[in-house]
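Just final.txt here, compact mmCIF, C-alpha atoms:
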```
# COMPACT_ATOMS: atom_id res chain seq x y z
CA MET A 544 33.17 20.82 15.90
CA THR A 545 30.31 19.18 14.01
CA THR A 546 26.73 20.22 14.59
CA VAL A 547 23.84 17.84 15.30
CA SER A 548 22.44 18.37 11.80
CA GLU A 549 25.83 17.54 10.28
CA GLN A 550 26.03 14.37 12.38
CA LEU A 551 22.54 13.28 11.32
CA SER A 552 23.32 13.90 7.66
CA THR A 553 26.12 11.34 7.82
CA THR A 554 24.20 8.65 9.71
CA THR A 555 22.12 5.96 8.08
CA LEU A 556 18.37 5.46 8.50
CA LEU A 557 16.82 2.23 9.77
CA ARG A 558 13.10 1.54 9.54
CA PHE A 559 11.97 -1.14 11.98
CA ALA A 560 8.74 -2.51 13.41
CA THR A 561 7.84 -4.18 16.67
CA ALA A 562 5.38 -7.08 16.85
CA GLY A 563 4.27 -9.70 19.33
CA SER A 564 1.35 -11.06 21.30
CA VAL A 565 -0.88 -9.01 23.57
CA ASP A 566 0.87 -7.86 26.77
CA ASP A 567 4.29 -9.01 25.61
CA GLY A 568 5.53 -5.48 26.23
CA LYS A 569 6.00 -4.00 22.77
CA SER A 570 5.02 -0.47 23.72
CA THR A 571 7.04 -0.68 26.93
CA LEU A 572 10.10 -1.72 24.90
CA VAL A 573 9.63 1.18 22.52
CA GLY A 574 9.10 3.56 25.44
CA ARG A 575 12.23 2.24 27.12
CA LEU A 576 14.23 2.73 23.90
CA LEU A 577 13.02 6.33 23.62
CA HIS A 578 13.53 7.08 27.31
CA ASP A 579 16.94 5.52 27.82
CA SER A 580 18.32 6.87 24.54
CA LYS A 581 17.34 10.38 25.71
CA SER A 582 14.86 10.76 22.84
CA VAL A 583 11.90 11.91 24.96
CA LEU A 584 11.14 15.60 25.40
CA THR A 585 10.59 16.86 28.95
CA ASP A 586 6.94 17.77 28.38
CA GLN A 587 6.26 14.33 26.88
CA LEU A 588 7.73 12.61 29.92
CA GLU A 589 5.78 14.87 32.27
CA ALA A 590 2.54 14.02 30.45
CA VAL A 591 3.28 10.29 30.78
CA GLU A 592 4.11 10.67 34.47
CA HIS A 593 0.84 12.58 35.03
CA ALA A 594 -1.22 9.95 33.16
CA SER A 595 0.51 7.16 35.10
CA ARG A 596 -0.29 8.80 38.45
CA ASN A 597 -3.94 9.14 37.42
CA ARG A 598 -3.98 5.38 36.86
CA GLY A 599 -2.51 4.74 40.32
CA GLN A 600 0.99 3.87 39.14
CA GLU A 601 3.99 5.13 41.06
CA ALA A 602 6.52 4.79 38.21
CA PRO A 603 5.86 6.26 34.77
CA ASP A 604 4.32 3.78 32.31
CA LEU A 605 6.68 4.11 29.35
CA ALA A 606 4.16 2.33 27.08
CA LEU A 607 2.14 5.56 27.10
CA LEU A 608 4.86 7.19 25.00
CA THR A 609 3.50 5.28 22.00
CA ASP A 610 -0.05 4.31 22.97
CA GLY A 611 -1.63 7.68 22.22
CA LEU A 612 -5.26 6.76 21.48
CA ARG A 613 -7.69 7.09 24.37
CA ALA A 614 -8.96 3.53 23.88
CA GLU A 615 -5.37 2.26 23.95
CA ARG A 616 -4.64 3.91 27.25
CA GLU A 617 -7.91 2.78 28.83
CA GLN A 618 -7.44 -0.87 27.79
CA GLY A 619 -3.66 -0.96 28.12
CA ILE A 620 -3.26 -2.31 24.57
CA THR A 621 -2.03 -1.10 21.19
CA ILE A 622 -4.76 -0.76 18.54
CA ASP A 623 -3.24 1.31 15.74
CA VAL A 624 0.28 1.51 14.38
CA ALA A 625 2.26 4.18 16.26
CA TYR A 626 5.16 5.69 14.32
CA ARG A 627 8.02 7.32 16.18
CA TYR A 628 11.23 8.98 15.03
CA PHE A 629 14.38 9.10 17.11
CA ALA A 630 18.11 9.26 16.55
CA THR A 631 21.41 8.40 18.17
CA PRO A 632 24.84 9.64 17.09
CA ARG A 633 25.27 6.41 15.11
CA ARG A 634 21.94 6.08 13.27
CA ARG A 635 18.49 7.56 12.71
CA PHE A 636 15.37 5.42 13.26
CA ILE A 637 11.75 5.31 12.17
CA LEU A 638 9.90 2.72 14.23
CA ALA A 639 6.40 1.33 13.93
CA ASP A 640 4.86 -0.06 17.13
CA THR A 641 2.23 -2.51 15.84
CA PRO A 642 -0.70 -4.17 17.65
CA GLY A 643 -0.57 -7.71 19.02
CA HIS A 644 -4.21 -8.78 18.66
CA VAL A 645 -5.07 -11.26 15.92
CA GLN A 646 -7.74 -8.89 14.57
CA TYR A 647 -5.06 -6.25 13.99
CA THR A 648 -2.78 -8.42 11.83
CA ARG A 649 -3.44 -5.98 8.97
CA ASN A 650 -1.93 -3.19 11.08
CA MET A 651 1.22 -5.23 11.51
CA VAL A 652 1.37 -5.66 7.72
CA THR A 653 1.10 -1.88 7.34
CA GLY A 654 3.86 -1.20 9.85
CA ALA A 655 6.26 -3.85 8.52
CA SER A 656 5.70 -3.21 4.80
CA THR A 657 8.55 -0.69 4.64
CA ALA A 658 10.60 -2.09 7.53
CA GLU A 659 14.15 -3.35 7.12
CA LEU A 660 14.05 -5.04 10.53
CA ALA A 661 11.29 -6.54 12.68
CA VAL A 662 11.51 -6.97 16.45
CA VAL A 663 9.28 -9.88 17.49
CA LEU A 664 8.65 -9.97 21.24
CA VAL A 665 7.98 -13.11 23.23
CA ASP A 666 6.94 -13.34 26.89
CA ALA A 667 9.58 -15.51 28.55
CA ARG A 668 6.86 -17.14 30.66
CA ASN A 669 4.76 -18.18 27.64
CA GLY A 670 7.36 -18.92 24.99
CA VAL A 671 6.55 -19.11 21.29
CA VAL A 672 2.77 -18.90 20.84
CA GLU A 673 0.43 -18.82 17.85
CA GLN A 674 0.70 -15.06 17.41
CA THR A 675 4.50 -15.28 17.51
CA ARG A 676 4.43 -17.68 14.56
CA ARG A 677 1.92 -15.44 12.79
CA HIS A 678 4.15 -12.39 13.07
CA ALA A 679 7.21 -14.36 11.96
CA ALA A 680 5.26 -15.51 8.91
CA VAL A 681 4.12 -11.97 8.10
CA ALA A 682 7.73 -10.72 8.35
CA ALA A 683 8.79 -13.49 5.98
CA LEU A 684 5.96 -12.72 3.55
CA LEU A 685 6.95 -9.05 3.49
CA ARG A 686 10.60 -10.01 2.90
CA VAL A 687 11.85 -8.17 5.98
CA PRO A 688 15.57 -8.99 5.82
CA HIS A 689 16.40 -8.86 9.55
CA VAL A 690 14.37 -10.28 12.45
CA VAL A 691 15.18 -9.81 16.14
CA LEU A 692 13.63 -12.15 18.71
CA ALA A 693 13.35 -10.16 21.94
CA VAL A 694 12.59 -12.56 24.79
CA ASN A 695 10.98 -10.13 27.22
CA LYS A 696 10.14 -10.28 30.93
CA MET A 697 13.26 -12.25 31.76
CA ASP A 698 13.01 -10.75 35.26
CA LEU A 699 9.86 -12.85 35.83
CA VAL A 700 11.73 -16.12 35.13
CA ASP A 701 14.74 -15.23 37.34
CA TYR A 702 16.84 -14.40 34.26
CA ALA A 703 17.21 -18.13 33.58
CA GLU A 704 19.43 -18.92 30.59
CA PRO A 705 17.74 -22.30 29.77
CA VAL A 706 14.38 -20.55 29.37
CA PHE A 707 15.87 -18.10 26.88
CA ALA A 708 17.82 -20.80 25.02
CA ALA A 709 14.75 -23.02 24.52
CA ILE A 710 12.63 -20.14 23.18
CA ALA A 711 15.41 -18.92 20.89
CA GLU A 712 15.98 -22.38 19.45
CA GLU A 713 12.27 -22.95 18.73
CA PHE A 714 11.72 -19.55 17.11
CA THR A 715 14.91 -19.65 15.07
CA ALA A 716 14.01 -23.05 13.60
CA TYR A 717 10.52 -21.83 12.65
CA ALA A 718 11.66 -18.51 11.14
CA ALA A 719 14.48 -20.19 9.21
CA SER A 720 11.96 -22.62 7.71
CA LEU A 721 10.15 -19.56 6.28
CA GLY A 722 13.34 -18.34 4.61
CA VAL A 723 14.09 -15.44 6.98
CA PRO A 724 17.77 -14.73 6.22
CA GLU A 725 18.92 -13.36 9.59
CA ILE A 726 17.57 -13.99 13.10
CA THR A 727 19.08 -12.49 16.27
CA ALA A 728 17.83 -13.47 19.74
CA ILE A 729 18.24 -11.08 22.70
CA PRO A 730 17.03 -11.67 26.32
CA ILE A 731 15.54 -8.47 27.76
CA SER A 732 13.37 -6.91 30.42
CA ALA A 733 11.74 -3.85 28.90
CA LEU A 734 10.24 -2.80 32.23
CA ALA A 735 13.55 -2.96 34.12
CA GLY A 736 15.67 -1.87 31.16
CA ASP A 737 17.82 -5.02 30.95
CA ASN A 738 19.61 -5.33 27.58
CA VAL A 739 17.44 -2.67 25.94
CA VAL A 740 19.86 0.27 25.90
CA GLU A 741 22.18 -0.71 28.75
CA PRO A 742 23.64 -4.22 29.26
CA SER A 743 21.99 -6.25 32.00
CA ALA A 744 23.75 -6.87 35.30
CA HIS A 745 21.54 -9.92 35.85
CA MET A 746 22.45 -11.93 32.73
CA ASP A 747 26.22 -12.31 32.69
CA TRP A 748 25.71 -15.51 30.66
CA TYR A 749 24.64 -13.39 27.67
CA GLY A 750 27.48 -11.85 25.69
CA GLY A 751 25.59 -10.44 22.72
CA PRO A 752 24.49 -6.87 21.94
CA THR A 753 21.69 -4.92 23.56
CA VAL A 754 18.65 -4.13 21.43
CA LEU A 755 19.88 -0.61 20.69
CA GLU A 756 23.42 -1.82 19.89
CA HIS A 757 22.01 -4.27 17.37
CA LEU A 758 19.73 -1.64 15.85
CA GLU A 759 22.70 0.71 15.50
CA THR A 760 25.02 -1.85 13.91
CA VAL A 761 22.83 -4.15 11.80
CA PRO A 762 23.92 -3.75 8.16
CA VAL A 763 21.38 -1.79 6.15
CA SER A 764 21.81 -1.30 2.42
CA HIS A 765 19.97 1.58 0.82
CA ASP A 766 21.85 1.13 -2.44
CA LEU A 767 18.95 0.77 -4.84
CA THR A 768 21.20 1.48 -7.81
CA ALA A 769 22.04 -2.22 -8.06
CA CYS A 770 18.37 -3.12 -8.49
CA HIS A 771 16.40 -3.30 -11.73
CA ALA A 772 15.97 0.31 -12.88
CA ARG A 773 12.34 1.44 -12.79
CA PHE A 774 10.81 4.90 -13.31
CA PRO A 775 7.01 5.21 -12.90
CA VAL A 776 5.81 8.34 -14.70
CA GLN A 777 3.82 10.58 -12.38
CA TYR A 778 3.33 13.69 -14.50
CA VAL A 779 3.95 14.89 -18.04
CA ILE A 780 5.53 18.37 -18.20
CA ARG A 781 4.81 20.45 -21.32
CA PRO A 782 5.17 24.18 -20.56
CA GLN A 783 4.61 25.26 -24.21
CA THR A 784 6.03 28.69 -23.43
CA ALA A 785 8.16 30.98 -25.54
CA GLU A 786 11.17 29.97 -23.45
CA HIS A 787 10.46 26.23 -23.73
CA PRO A 788 8.32 25.75 -26.85
CA ASP A 789 9.20 22.09 -27.45
CA TYR A 790 9.96 20.87 -23.94
CA ARG A 791 8.39 17.49 -23.07
CA GLY A 792 9.50 15.82 -19.85
CA TYR A 793 8.26 12.93 -17.75
CA ALA A 794 8.41 13.61 -14.02
CA GLY A 795 8.38 11.17 -11.14
CA GLN A 796 10.44 9.41 -8.50
CA ILE A 797 12.91 6.71 -9.52
CA ALA A 798 11.66 3.57 -7.78
CA ALA A 799 14.89 1.60 -8.16
CA GLY A 800 18.15 1.53 -10.07
CA ALA A 801 19.82 4.32 -12.02
CA PHE A 802 19.25 6.03 -15.38
CA ARG A 803 21.85 7.67 -17.63
CA VAL A 804 21.68 10.08 -20.54
CA GLY A 805 22.05 8.15 -23.80
CA GLU A 806 20.65 4.92 -22.32
CA ALA A 807 18.18 2.90 -24.40
CA VAL A 808 14.85 2.55 -22.61
CA THR A 809 11.45 0.94 -23.11
CA VAL A 810 8.15 2.58 -22.17
CA LEU A 811 5.65 0.10 -20.76
CA PRO A 812 3.03 -1.15 -21.29
CA SER A 813 3.18 0.13 -24.90
CA GLY A 814 6.63 -1.37 -25.51
CA ARG A 815 7.86 1.65 -27.49
CA THR A 816 11.61 2.29 -27.29
CA SER A 817 13.74 5.43 -27.25
CA THR A 818 16.88 6.81 -25.64
CA ILE A 819 17.24 9.24 -22.75
CA ALA A 820 18.02 12.67 -24.21
CA GLY A 821 18.29 14.45 -20.87
CA ILE A 822 17.65 14.24 -17.14
CA ASP A 823 16.64 17.29 -15.10
CA ALA A 824 17.03 17.26 -11.32
CA LEU A 825 16.45 20.27 -9.05
CA GLY A 826 16.39 22.59 -12.02
CA GLU A 827 19.69 21.39 -13.46
CA SER A 828 20.63 18.93 -16.18
CA VAL A 829 22.51 15.85 -14.94
CA ASP A 830 24.07 12.87 -16.68
CA ILE A 831 22.88 10.24 -14.20
CA ALA A 832 20.13 9.91 -11.59
CA TRP A 833 19.30 7.12 -9.16
CA ALA A 834 16.66 5.99 -6.66
CA PRO A 835 14.99 7.56 -4.78
CA GLN A 836 15.61 10.87 -6.57
CA SER A 837 12.69 12.78 -8.08
CA VAL A 838 13.62 13.84 -11.61
CA THR A 839 12.30 14.68 -15.05
CA ILE A 840 13.39 12.44 -17.91
CA ARG A 841 13.41 13.66 -21.51
CA LEU A 842 13.37 11.16 -24.39
CA ALA A 843 14.93 11.53 -27.83
CA ASP A 844 11.74 10.46 -29.63
CA ASP A 845 8.30 12.05 -29.47
CA ILE A 846 6.31 9.02 -28.31
CA ASP A 847 3.10 8.69 -26.33
CA VAL A 848 3.94 8.57 -22.62
CA SER A 849 1.44 9.36 -19.86
CA ARG A 850 0.94 9.05 -16.11
CA GLY A 851 1.12 5.42 -15.02
CA ASP A 852 3.57 4.34 -17.70
CA LEU A 853 6.84 2.76 -16.62
CA ILE A 854 10.22 3.61 -18.12
CA ALA A 855 12.82 0.82 -17.83
CA PRO A 856 16.12 -0.12 -19.51
CA ALA A 857 15.50 -1.71 -22.91
CA ASP A 858 17.54 -4.79 -21.95
CA ASP A 859 16.05 -5.16 -18.45
CA ALA A 860 12.34 -4.43 -18.76
CA PRO A 861 9.76 -6.32 -16.67
CA ALA A 862 7.21 -8.58 -18.31
CA VAL A 863 3.82 -7.06 -19.11
CA THR A 864 0.76 -9.01 -18.04
CA GLN A 865 -2.97 -8.74 -17.41
CA ASP A 866 -3.07 -11.81 -15.15
CA VAL A 867 -1.64 -11.04 -11.72
CA GLU A 868 -0.97 -13.90 -9.29
CA ALA A 869 -0.09 -12.71 -5.82
CA THR A 870 -0.15 -13.22 -2.09
CA VAL A 871 -2.38 -10.64 -0.43
CA CYS A 872 -3.35 -9.48 3.02
CA HIS A 873 -6.97 -8.36 3.20
CA VAL A 874 -7.19 -5.16 5.25
CA ALA A 875 -10.82 -4.05 4.83
CA ASP A 876 -13.78 -5.02 6.99
CA GLN A 877 -15.80 -5.97 3.90
CA PRO A 878 -14.78 -9.33 2.36
CA LEU A 879 -12.96 -9.83 -0.95
CA ALA A 880 -14.84 -12.35 -3.10
CA VAL A 881 -14.32 -14.14 -6.39
CA GLY A 882 -15.89 -12.13 -9.22
CA GLN A 883 -15.58 -8.83 -7.38
CA ARG A 884 -14.70 -5.77 -9.48
CA VAL A 885 -11.89 -3.68 -8.04
CA LEU A 886 -9.27 -1.08 -8.95
CA LEU A 887 -5.64 -2.17 -8.91
CA LYS A 888 -3.09 0.53 -8.03
CA HIS A 889 0.51 -0.25 -8.95
CA THR A 890 3.06 2.58 -8.53
CA THR A 891 1.44 5.53 -10.35
CA ARG A 892 -0.92 3.39 -12.48
CA THR A 893 -4.49 2.52 -11.50
CA VAL A 894 -6.51 0.12 -13.69
CA LYS A 895 -9.83 -1.68 -13.50
CA ALA A 896 -9.64 -5.34 -12.51
CA ILE A 897 -11.70 -8.35 -11.47
CA VAL A 898 -10.87 -11.03 -8.91
CA LYS A 899 -10.82 -14.19 -11.03
CA ASP A 900 -9.90 -16.69 -8.33
CA ILE A 901 -8.89 -17.08 -4.69
CA PRO A 902 -7.01 -20.40 -4.80
CA SER A 903 -6.17 -20.60 -1.11
CA ARG A 904 -6.11 -18.96 2.29
CA LEU A 905 -3.00 -19.30 4.42
CA THR A 906 -3.30 -20.69 7.94
CA LEU A 907 -0.42 -18.95 9.66
CA ASP A 908 -0.43 -21.28 12.67
CA ASP A 909 1.06 -24.18 10.69
CA LEU A 910 1.50 -22.55 7.23
CA SER A 911 -1.08 -24.90 5.71
CA GLN A 912 -3.22 -23.83 2.75
CA HIS A 913 -7.01 -23.83 3.00
CA PRO A 914 -8.06 -24.47 -0.62
CA ALA A 915 -10.72 -22.47 -2.48
CA PRO A 916 -12.07 -20.37 0.41
CA GLY A 917 -14.20 -18.32 -2.00
CA ARG A 918 -13.47 -15.08 -0.17
CA LEU A 919 -11.05 -13.38 2.18
CA VAL A 920 -12.12 -11.46 5.29
CA ALA A 921 -10.25 -8.87 7.34
CA ASN A 922 -6.73 -9.95 8.33
CA ASP A 923 -6.79 -13.02 6.05
CA ILE A 924 -3.70 -13.78 4.00
CA GLY A 925 -4.21 -15.76 0.82
CA ARG A 926 -3.42 -16.26 -2.84
CA VAL A 927 -5.44 -14.42 -5.48
CA VAL A 928 -5.57 -14.25 -9.26
CA VAL A 929 -6.60 -10.87 -10.64
CA ARG A 930 -7.37 -10.04 -14.28
CA THR A 931 -6.73 -6.41 -15.20
CA ALA A 932 -8.44 -4.43 -17.95
CA GLU A 933 -5.08 -3.01 -19.09
CA PRO A 934 -1.57 -4.51 -19.09
CA LEU A 935 0.73 -3.93 -16.11
CA ALA A 936 4.53 -3.95 -15.90
CA LEU A 937 4.84 -5.78 -12.61
CA ASP A 938 7.99 -7.16 -10.98
CA ALA A 939 7.98 -10.08 -8.58
CA TYR A 940 7.87 -8.87 -4.97
CA ALA A 941 10.93 -11.04 -4.26
CA ASP A 942 12.88 -8.92 -6.77
CA SER A 943 11.57 -5.54 -5.68
CA ARG A 944 9.39 -4.57 -2.73
CA ARG A 945 8.66 -1.27 -4.49
CA THR A 946 7.52 -2.39 -7.94
CA GLY A 947 6.28 -5.82 -6.89
CA SER A 948 3.57 -4.53 -4.55
CA PHE A 949 0.09 -3.20 -5.30
CA LEU A 950 -3.25 -2.31 -3.72
CA LEU A 951 -6.76 -3.45 -4.53
CA ILE A 952 -9.24 -0.60 -4.07
CA ASP A 953 -13.02 -0.44 -3.86
CA PRO A 954 -14.11 1.52 -6.97
CA ALA A 955 -17.25 2.76 -5.20
CA ASP A 956 -15.65 4.72 -2.36
CA GLY A 957 -11.88 4.43 -2.79
CA THR A 958 -11.39 2.23 0.29
CA THR A 959 -8.22 0.14 0.32
CA LEU A 960 -9.28 -3.50 0.32
CA THR A 961 -6.13 -5.55 -0.03
CA ALA A 962 -2.35 -5.21 -0.04
CA GLY A 963 -0.73 -7.49 -2.61
CA MET A 964 2.71 -8.96 -3.23
CA ALA A 965 3.21 -10.32 -6.75
CA GLY A 966 4.78 -13.72 -7.26
CA GLN A 967 5.64 -16.45 -4.79
CA ALA A 968 4.86 -16.14 -1.09
CA PHE A 969 7.83 -17.22 0.99
CA ALA A 970 11.51 -17.19 0.12
CA ALA A 971 13.20 -20.53 -0.29
CA THR A 972 14.67 -21.87 2.93
CA ALA A 973 18.35 -21.01 3.05
CA THR A 974 21.12 -22.36 5.26
CA GLY A 975 24.85 -21.96 5.40
CA GLU A 976 26.36 -20.52 2.24
CA ASP A 977 22.94 -20.45 0.59
CA ALA A 978 21.72 -18.12 3.34
CA ALA A 979 24.52 -15.66 2.66
CA ALA A 980 23.68 -15.70 -1.03
CA ALA A 981 19.97 -15.24 -0.35
CA ASP A 982 20.72 -12.24 1.86
CA ASP A 983 22.17 -10.44 -1.13
CA GLU A 984 18.90 -10.88 -3.01
CA TRP A 985 16.77 -8.98 -0.53
CA ASP A 986 15.71 -5.66 -2.05
CA PHE A 987 14.69 -2.92 0.36
```

Entire entry expressed as structure tokens:
Amino acid sequence: MTTVSEQLSTTTLLRFATAGSVDDGKSTLVGRLLHDSKSVLTDQLEAVEHASRNRGQEAPDLALLTDGLRAEREQGITIDVAYRYFATPRRRFILADTPGHVQYTRNMVTGASTAELAVVLVDARNGVVEQTRRHAAVAALLRVPHVVLAVNKMDLVDYAEPVFAAIAEEFTAYAASLGVPEITAIPISALAGDNVVEPSAHMDWYGGPTVLEHLETVPVSHDLTACHARFPVQYVIRPQTAEHPDYRGYAGQIAAGAFRVGEAVTVLPSGRTSTIAGIDALGESVDIAWAPQSVTIRLADDIDVSRGDLIAPADDAPAVTQDVEATVCHVADQPLAVGQRVLLKHTTRTVKAIVKDIPSRLTLDDLSQHPAPGRLVANDIGRVVVRTAEPLALDAYADSRRTGSFLLIDPADGTTLTAGMAGQAFAATATGEDAAAADDEWDF
């Protein structure tokens, strides 16, 4: 008989985020998932029941399972990203319940930045609204490979199939135009529990999976060994002891791909080459290591390597540049302006930089570009050109979400200003066979 820990060790992990307009029921959906999948502890449920009674509600408000801030409970809205962990026998989950207000778009970017799936909620009474399109665009920008359209509050439209079909058709056409490779539409009632964990008895016209069934079965590939191999150096190890007088190792976490002893590598940005003499993992020497293992790599040649350098295969090294063109989401309250001096943090490397240009700001309502805005304010998404004081080995975000992303930081106080994605904004629109091919290119 297998234990719970043994079961969990063999299940896969899915990171997903919820998004949608205000009062679409995101937190209620998450609460329903936790409650109906038996992932809520007794004391947590008792606390929610007590808080619900204090607010004059007879039934427990499941949204309170994720809305933990006092201001959230008082206003009945989600303000900050709420992370929750739960598991079923088939899969483990890390979910991010993100806010619906326009002014919290940056929080949605934070929650979806590591997500492999995004659940976008729509109120069946309102259909696809401006914020729905905004969240679909953010998911596309962040290259989230799977998007679920959850048409909520179907109980308030008498579970009418035509209402669901019209909303699903409109959203699918919009998301597909952004290059989202997979879109699944599910009619639900988070409050009543229809099609969340258990199939609905009111929608016999729907033959698809429930939300939990889809989350448990959606294909998720964590095989980063097929990606471009990248190893950001975090720390140089030189014990200089009697036992290890000549030991020099470069420690860090493999961001993507795999490295083998004897492989020819290039150290960037210097461009010096060597071969891997040894790999140490968990105190033992190994012949091969892969992402996301934390290891120490030893090189055959005594070359200058320090924190922030990137080790990559000699025949598959990224280009080195000081001019970074990227799509960014501005997350700070203070604006980002042309000519502003910033710090750019990419993997383990932080360099001085200056904002040379802000060519455009994206209007997410219709995906139009507002040219030369001069600055970006909180929650704005736009294109920027940054000149760095030192060269960077930067991949395109489309090729790697790990080594194609960066942060712009205020050098005065260390505040994070902007989250950046190098290269082009949206994926090319894909249909039919092209869509299947594009799905293979998503790196997560």

Non-local contacts of stretch 773-778 of chain A (9 Å; only C-alpha atoms; under 3 positions in same chain excluded) as a list in words: Cys770, Gly792, Tyr793, Ala794, Gly795, Gln796, Ile797, Ala798, Ala799, Gly800, Ala801, Phe802, Ala834, Val848, Ser849, Arg850, Gly851, Asp852, Leu853, Ile854, Ala855, Pro856, Ala860, Thr890, Thr891, Arg892 and Thr946 of chain A

Long-range neighbours of A:Ala896 as a list in words, 9 Å cut-off, only C-alpha atoms, 4 positions minimum in chain: Gln865, Gln883, Arg884, Val885, Leu886, Leu887, Val929, Arg930, Thr931, Ala932, Glu933 and Leu951 of chain A

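Atom CA of A:Ala965 lies 17.2 Å from atom CA of A:Pro812.
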
Can you tell me how far atom CA of A:Ala655 sits from atom CA of A:Glu725, in Å to one decimal?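 Distance between the two atoms: 15.9 Å.
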
Would you please work out which residue, of A:Ala718, A:Ile840, A:Met697, A:Ala711, is nearest to A:His745 when using all atoms listed in the file?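 Of A:Ala718, A:Ile840, A:Met697, A:Ala711, the one nearest A:His745, counting all atoms listed in the file, is A:Met697.
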
Quick one, how far is atom CA of A:Arg791 from atom CA of A:Phe949?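 Atom-to-atom, atom CA of A:Arg791 and atom CA of A:Phe949 are spaced 28.5 Å apart.
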
Extract, using only C-alpha atoms, all DNA, RNA and protein residues at most 8 Å from A:Ala682, discarding same-chain residues fewer than 5 positions from it, and format them as a ChimeraX atom specification. /A:655,661,687,690

Against stretch 919-928 of chain A, which residues of stretch 789-908 of chain A fall within 12 Å? For each one I want the closest pair of atoms and the distance in Å (one decimal), counting all atoms listed in the file, rows by chain and increasing residue number, as JSON lines.
```
{"residue": "A:Gln865", "atom": "CA", "partner": "A:Val928", "partner_atom": "CA", "distance": 10.2}
{"residue": "A:Asp866", "atom": "CA", "partner": "A:Val928", "partner_atom": "CA", "distance": 6.8}
{"residue": "A:Val867", "atom": "CA", "partner": "A:Val928", "partner_atom": "CA", "distance": 5.6}
{"residue": "A:Glu868", "atom": "CA", "partner": "A:Val928", "partner_atom": "CA", "distance": 4.6}
{"residue": "A:Ala869", "atom": "CA", "partner": "A:Val927", "partner_atom": "CA", "distance": 5.6}
{"residue": "A:Thr870", "atom": "CA", "partner": "A:Arg926", "partner_atom": "CA", "distance": 4.5}
{"residue": "A:Val871", "atom": "CA", "partner": "A:Gly925", "partner_atom": "CA", "distance": 5.6}
{"residue": "A:Cys872", "atom": "CA", "partner": "A:Ile924", "partner_atom": "CA", "distance": 4.4}
{"residue": "A:His873", "atom": "CA", "partner": "A:Ala921", "partner_atom": "CA", "distance": 5.3}
{"residue": "A:Val874", "atom": "CA", "partner": "A:Ala921", "partner_atom": "CA", "distance": 5.2}
{"residue": "A:Ala875", "atom": "CA", "partner": "A:Ala921", "partner_atom": "CA", "distance": 5.5}
{"residue": "A:Asp876", "atom": "CA", "partner": "A:Ala921", "partner_atom": "CA", "distance": 5.2}
{"residue": "A:Gln877", "atom": "CA", "partner": "A:Val920", "partner_atom": "CA", "distance": 6.8}
{"residue": "A:Pro878", "atom": "CA", "partner": "A:Val920", "partner_atom": "CA", "distance": 4.5}
{"residue": "A:Leu879", "atom": "CA", "partner": "A:Leu919", "partner_atom": "CA", "distance": 5.1}
{"residue": "A:Ala880", "atom": "CA", "partner": "A:Leu919", "partner_atom": "CA", "distance": 6.6}
{"residue": "A:Val881", "atom": "CA", "partner": "A:Val927", "partner_atom": "CA", "distance": 8.9}
{"residue": "A:Gly882", "atom": "CA", "partner": "A:Val928", "partner_atom": "CA", "distance": 10.5}
{"residue": "A:Gln883", "atom": "CA", "partner": "A:Leu919", "partner_atom": "CA", "distance": 11.5}
{"residue": "A:Ala896", "atom": "CA", "partner": "A:Val928", "partner_atom": "CA", "distance": 10.3}
{"residue": "A:Ile897", "atom": "CA", "partner": "A:Val928", "partner_atom": "CA", "distance": 8.8}
{"residue": "A:Val898", "atom": "CA", "partner": "A:Val928", "partner_atom": "CA", "distance": 6.2}
{"residue": "A:Lys899", "atom": "CA", "partner": "A:Val928", "partner_atom": "CA", "distance": 5.5}
{"residue": "A:Asp900", "atom": "CA", "partner": "A:Val928", "partner_atom": "CA", "distance": 5.1}
{"residue": "A:Ile901", "atom": "CA", "partner": "A:Val927", "partner_atom": "CA", "distance": 4.4}
{"residue": "A:Pro902", "atom": "CA", "partner": "A:Arg926", "partner_atom": "CA", "distance": 5.8}
{"residue": "A:Ser903", "atom": "CA", "partner": "A:Arg926", "partner_atom": "CA", "distance": 5.4}
{"residue": "A:Arg904", "atom": "CA", "partner": "A:Gly925", "partner_atom": "CA", "distance": 4.0}
{"residue": "A:Leu905", "atom": "CA", "partner": "A:Gly925", "partner_atom": "CA", "distance": 5.2}
{"residue": "A:Thr906", "atom": "CA", "partner": "A:Ile924", "partner_atom": "CA", "distance": 8.0}
{"residue": "A:Leu907", "atom": "CA", "partner": "A:Ile924", "partner_atom": "CA", "distance": 8.3}
{"residue": "A:Asp908", "atom": "CA", "partner": "A:Ile924", "partner_atom": "CA", "distance": 11.9}
```

Find the residues near A:Ile822: any atom within 8 Å, counting all atoms listed in the file, skip ones fewer than 6 places away on the same chain, and give them as a list in words. Arg803, Val804, Ser828, Val829, Asp830, Ile831, Ala832, Val838, Thr839, Ile840 and Arg841 of chain A

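Remark: for A:Asp909, the closest of the candidate residues A:Gly966, A:Val671, A:Thr571, A:Arg677 is A:Arg677 (distances computed over only C-alpha atoms).
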
6 Å contact set for A:Ile637, all atoms listed in the file, chain neighbours under 3 positions out, as a PDB file with C-alpha atoms, keeping the file's coordinate frame:
```
ATOM      1  CA  ARG A 558      13.100   1.540   9.540  1.00  0.00           C
ATOM      2  CA  ARG A 627       8.020   7.320  16.180  1.00  0.00           C
ATOM      3  CA  TYR A 628      11.230   8.980  15.030  1.00  0.00           C
TER       4      TYR A 628
END
```

Counting all atoms listed in the file, write as a list of chain:residue names all protein and nucleic acid residues lying at most 9 Å from (13.0, -11.2, 19.5) in the file's frame.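 Within the cut-off we find A:Gly563, A:Ala661, A:Val662, A:Val663, A:Leu664, A:Val665, A:Val690, A:Val691, A:Leu692, A:Ala693, A:Val694, A:Asn695, A:Ala711, A:Phe714, A:Ile726, A:Thr727, A:Ala728, A:Ile729, A:Pro730.
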